[in-house]
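Working notes for the structure below.
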Amino acid sequence: MWSHGWRDEVFSNLDRAWDLIIIGGGITGAGILGEAVRHGKSALLVEAQDFSSGTSSRSTKLVHGGLRYLRQGHFLLTRKSVRERERLMREGAGLIDNLGFSLAAFPGDQMPKWMYGMGLVMYDALAGKWAHEAQTREEIIERVPPLGSSKVTGGYRYFDAQTDDSRLVIRVLREAVRQGGVAINYAKASSLLRDAGGKVHGIVVTDTSPEGRGRTAEVKAKVVINATGAWADDLRRELGQDKRLRRIRGSHLTFAQDRVPIHEAVSMLHPRDQRAVFAVPWEGVTIVGTTDVDHGDLDKEPAISGDETTYILEAVQKAFPGLEITDKDVISTWSGVRPVIDTGKSDPSKESREHAIWREDGLLTITGGKLTTFALMARDALAAVEDVLGPLEERSRVLDAAPEDIDWPSAFTDMDKVRVLGRFGEEASAIVATPSEAQKIPGTIVLWSELRQAARHEGVVTLADLLLRRARLGLFLRDGGKEVMGRVREIAQPELGWDDARWEREEAAYHEVISSAYGLPR
């Protein structure tokens, strides 16, 4: 699956009759593909760039119920989110995991500490469990020692969850493909096909991969779904529809965990504007974010601005002044563009995170929403076209059950086993099949065998696909992992079938992306 020659095979079979075409290979599109094939539909997903290359690889890595949305009165959204969070943790242990949060209160915060407590009572009630407690200054510092140098007055402890967002997309897609769906990256829906009555009934798809040489195909289906997230208005404008979305950028800074040594997340109000900002331990690093600023051009990779960098560093310095963190401590950055429904509010943070569905001239658009509720969004999208595709059955699993009969390396801890099962599901045995490669890449918790599996079987077209979205070394290591690139090349180049010239082009392009979009502003 997604091995050598798979793109040619997909393109040679595009002229079949499809029930459904999904445009967009982020978590929303992946969820729709998975739900459609579980209901026996013939479904094709096309993604103009790489799977999860947009917002779905650039989040704060939280699968959360949206505690901050309670401040805005979004009770239904929060209720849906906390219940989906619980479901995903049950089905995807090792990929979606429980995460303790210390909600830290400081002098000058506009929201008093008692209001935090009221919000958390509601939050837990919506989740159907009591999982928060008040913390004194001494108690919160005991859990998060770097807060000891700050003016923290205490706070609350509660629980949410976190994930590897891009790996979640890949797992959902691969499970859908295993069940009969078709998904292809670097395949752009370059135009919509319309029947004599003007209704959308297909797309023209263009292969944008280096090997594709721009080949095109016309593909027709009963239903076409626009799940392109922040790009959704671009397709809608082809139908003459007015713009409805506001594109909001959220940026993050990454630090070595020994530089910002926290073992549970910290939530605080930013001193500049009282927005919630998070410091989160993730995969052996600490990430801090996010911002909320209007974003313009989507034709190039989104990147953090100088003001956003300063803004996030201000939050770090408020919470952990004794660490004396500066921009010199930053390992990597990333920025994602969130699509929200534009209601004209002056403050981007006050726009609703609810998803929206529009059916226009035969094109169904679903956009907005949250990573946590992707499976509910998928069902809502398919329910909106049940007059064409038929009604949905009861909900089944979102993620397939993981295997139990794996011969684990003796050095693996229980945590290692759960992590591999969560990220790879039924394919976990391939990750440990060669014990000499089931070893951690220096400075990360990623295994060399994960790199080989991705290069061999996970639809990698560019080096950035491999190192930013499959194995994620570009986020965990300085300079995109330049120090380990020799070993990366030794493993990946033969699997990808690239000659030396191609590898060198890819490596140069990758380092340019790291410099322009995953580093500090030039």
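As shown in the structure tokens, the chain order sets the letters A, B, ...; within each chain, residues go from 1, and ligands are also counted from 1 in the order they appear.
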Give the strand (DSSP E) residues of stretch 211-242 of chain A, as DSSP finds them on the backbone, and put them as a list in words.
Thr216, Ala217, Glu218, Val219, Lys220, Ala221, Lys222, Val223, Val224, Ile225 and Asn226 of chain A
Neighbouring residues of A:Ala315 were defined as those with any atom within 12 Å, considering only C-alpha atoms; residues of the same chain fewer than 6 positions away were excluded. Please report them as a list of chain:residue names.
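Returned residues: A:Ala104, A:Phe106, A:Ser150, A:His252, A:Leu253, A:Val266, A:Ser267, A:Met268, A:Leu269, A:His270, A:Pro271, A:Arg272, A:Asp273, A:Gln274, A:Arg275, A:Ala276, A:Val277, A:Phe278, A:Ala279, A:Ile287, A:Val288, A:Gly289, A:Thr290, A:Thr291, A:Glu308, A:Thr309, A:Pro321, A:Ile325, A:Thr326.
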Non-local contacts of A:Glu301 (9 Å; only C-alpha atoms; under 5 positions in same chain excluded) as a list in words:
Gly54, Ser335, Val513, Ser516 and Ala517 of chain A
Which of stretch 185-425 of chain A DSSP labels alpha helix (DSSP H), written as number ranges by chain:
A: 232-238, 306-319, 374-383, 386-389, 414-424
Using only C-alpha atoms, what table do you get, as CSV, when you list each residue of stretch 114-230 of chain A with an atom no more than 12 Å from stretch 387-392 of chain A, its nearest pair of atoms, and their distance in Å rounded to one decimal, rows by chain then rising number?
residue,atom,partner,partner_atom,distance
A:Ala221,CA,A:Leu389,CA,10.7
A:Lys222,CA,A:Val388,CA,7.1
A:Val223,CA,A:Val388,CA,7.5
A:Val224,CA,A:Val388,CA,11.2
Using only C-alpha atoms, I'd like a table of the residues in stretch 182-260 of chain A that come within 12 Å of stretch 442-449 of chain A; for each, show the closest atom pair and its distance in Å rounded to one decimal, ordered by chain and ascending number, as a tab-separated table.
residue	atom	partner	partner_atom	distance
A:Ala256	CA	A:Gly443	CA	9.1
A:Gln257	CA	A:Gly443	CA	10.4
A:Asp258	CA	A:Gly443	CA	11.1
For A:Tyr186, please output as a PyMOL selection string all residues within 12 Å (counting only C-alpha atoms; exclusion window: fewer than 5 positions along the same chain).
chain A and resi 7+11+23-25+45-53+205-216+459-462+465
Would you mind exporting the chosen residues as a CSV table (one decimal), in the first residue's frame, restricted to N, CA and C atoms?
chain,number,residue,atom,x,y,z
A,7,ARG,N,1.2,5.3,-7.4
A,7,ARG,CA,0.6,6.5,-8.0
A,7,ARG,C,0.1,6.1,-9.5
A,11,PHE,N,-3.8,6.4,-10.8
A,11,PHE,CA,-4.2,7.2,-12.0
A,11,PHE,C,-4.8,6.3,-13.1
A,23,ILE,N,-12.1,16.2,-1.7
A,23,ILE,CA,-10.9,17.1,-2.0
A,23,ILE,C,-10.4,17.6,-0.7
A,24,GLY,N,-9.1,17.3,-0.4
A,24,GLY,CA,-8.5,17.7,0.8
A,24,GLY,C,-8.0,16.5,1.7
A,25,GLY,N,-6.7,16.5,1.9
A,25,GLY,CA,-6.1,15.4,2.7
A,25,GLY,C,-5.7,15.7,4.1
A,45,LEU,N,-10.0,10.2,-2.4
A,45,LEU,CA,-9.6,11.4,-1.8
A,45,LEU,C,-8.4,11.9,-2.6
A,46,VAL,N,-8.4,13.2,-2.9
A,46,VAL,CA,-7.2,13.8,-3.6
A,46,VAL,C,-6.7,15.0,-2.8
A,47,GLU,N,-5.4,15.1,-2.7
A,47,GLU,CA,-4.8,16.2,-1.9
A,47,GLU,C,-3.8,16.9,-2.8
A,48,ALA,N,-3.9,18.2,-2.9
A,48,ALA,CA,-3.0,18.9,-3.8
A,48,ALA,C,-1.5,18.9,-3.4
A,49,GLN,N,-1.3,18.8,-2.2
A,49,GLN,CA,0.1,18.8,-1.7
A,49,GLN,C,0.3,17.4,-1.0
A,50,ASP,N,0.9,17.4,0.2
A,50,ASP,CA,1.0,16.2,0.9
A,50,ASP,C,-0.1,16.0,1.9
A,51,PHE,N,-0.4,14.7,2.2
A,51,PHE,CA,-1.4,14.5,3.3
A,51,PHE,C,-1.0,15.3,4.5
A,52,SER,N,-1.9,16.0,5.1
A,52,SER,CA,-1.8,16.7,6.4
A,52,SER,C,-0.8,17.9,6.3
A,53,SER,N,-0.5,18.3,5.0
A,53,SER,CA,0.5,19.4,4.9
A,53,SER,C,0.0,20.7,5.3
A,205,VAL,N,-8.4,16.2,-12.2
A,205,VAL,CA,-7.3,16.1,-11.2
A,205,VAL,C,-6.0,16.1,-12.0
A,206,THR,N,-5.0,16.8,-11.5
A,206,THR,CA,-3.7,17.0,-12.1
A,206,THR,C,-2.6,16.4,-11.1
A,207,ASP,N,-1.8,15.6,-11.6
A,207,ASP,CA,-0.7,15.0,-10.9
A,207,ASP,C,0.4,16.0,-10.8
A,208,THR,N,0.7,16.5,-9.6
A,208,THR,CA,1.7,17.5,-9.4
A,208,THR,C,3.0,17.0,-8.8
A,209,SER,N,3.1,15.6,-8.7
A,209,SER,CA,4.4,15.0,-8.3
A,209,SER,C,5.4,15.1,-9.4
A,210,PRO,N,6.7,15.1,-9.0
A,210,PRO,CA,7.8,15.1,-10.0
A,210,PRO,C,7.7,14.0,-11.1
A,211,GLU,N,7.2,12.8,-10.7
A,211,GLU,CA,7.1,11.7,-11.6
A,211,GLU,C,5.9,11.9,-12.5
A,212,GLY,N,4.9,12.7,-12.1
A,212,GLY,CA,3.6,12.7,-12.8
A,212,GLY,C,3.6,13.5,-14.1
A,213,ARG,N,4.6,14.4,-14.1
A,213,ARG,CA,4.7,15.3,-15.3
A,213,ARG,C,3.4,15.9,-15.8
A,214,GLY,N,2.6,16.3,-14.8
A,214,GLY,CA,1.4,17.1,-15.1
A,214,GLY,C,0.3,16.3,-15.7
A,215,ARG,N,0.3,15.0,-15.7
A,215,ARG,CA,-0.8,14.2,-16.3
A,215,ARG,C,-2.1,14.6,-15.6
A,216,THR,N,-3.2,14.5,-16.3
A,216,THR,CA,-4.5,14.9,-15.8
A,216,THR,C,-5.5,13.8,-16.1
A,459,GLY,N,3.7,6.8,1.1
A,459,GLY,CA,3.4,7.8,0.1
A,459,GLY,C,4.3,9.0,0.1
A,460,VAL,N,5.5,8.9,0.5
A,460,VAL,CA,6.4,10.0,0.5
A,460,VAL,C,6.8,10.4,-0.9
A,461,VAL,N,6.7,11.7,-1.2
A,461,VAL,CA,7.0,12.2,-2.5
A,461,VAL,C,8.2,13.2,-2.4
A,462,THR,N,8.3,13.9,-1.3
A,462,THR,CA,9.4,14.9,-1.1
A,462,THR,C,10.1,14.5,0.2
A,465,ASP,N,8.0,15.7,3.1
A,465,ASP,CA,7.0,14.7,3.6
A,465,ASP,C,7.5,13.8,4.6
Please provide as a count of residues only all residues within 10 Å of A:Met89, with the sequence filter that same-chain residues fewer than 4 positions apart are discarded (counting only C-alpha atoms).
13
Long-range neighbours of A:Glu133 as a list in words, 9 Å cut-off, only C-alpha atoms, 4 positions minimum in chain:
Gly117, Leu120, Gly155, Tyr156, Arg157 and Tyr158 of chain A
Can you list, as a ChimeraX atom specification, every protein, DNA or RNA residue that comes within 8 Å of A:Arg171 when you count only C-alpha atoms, leaving out same-chain residues fewer than 2 positions away?
/A:167-169,173-175,423-425
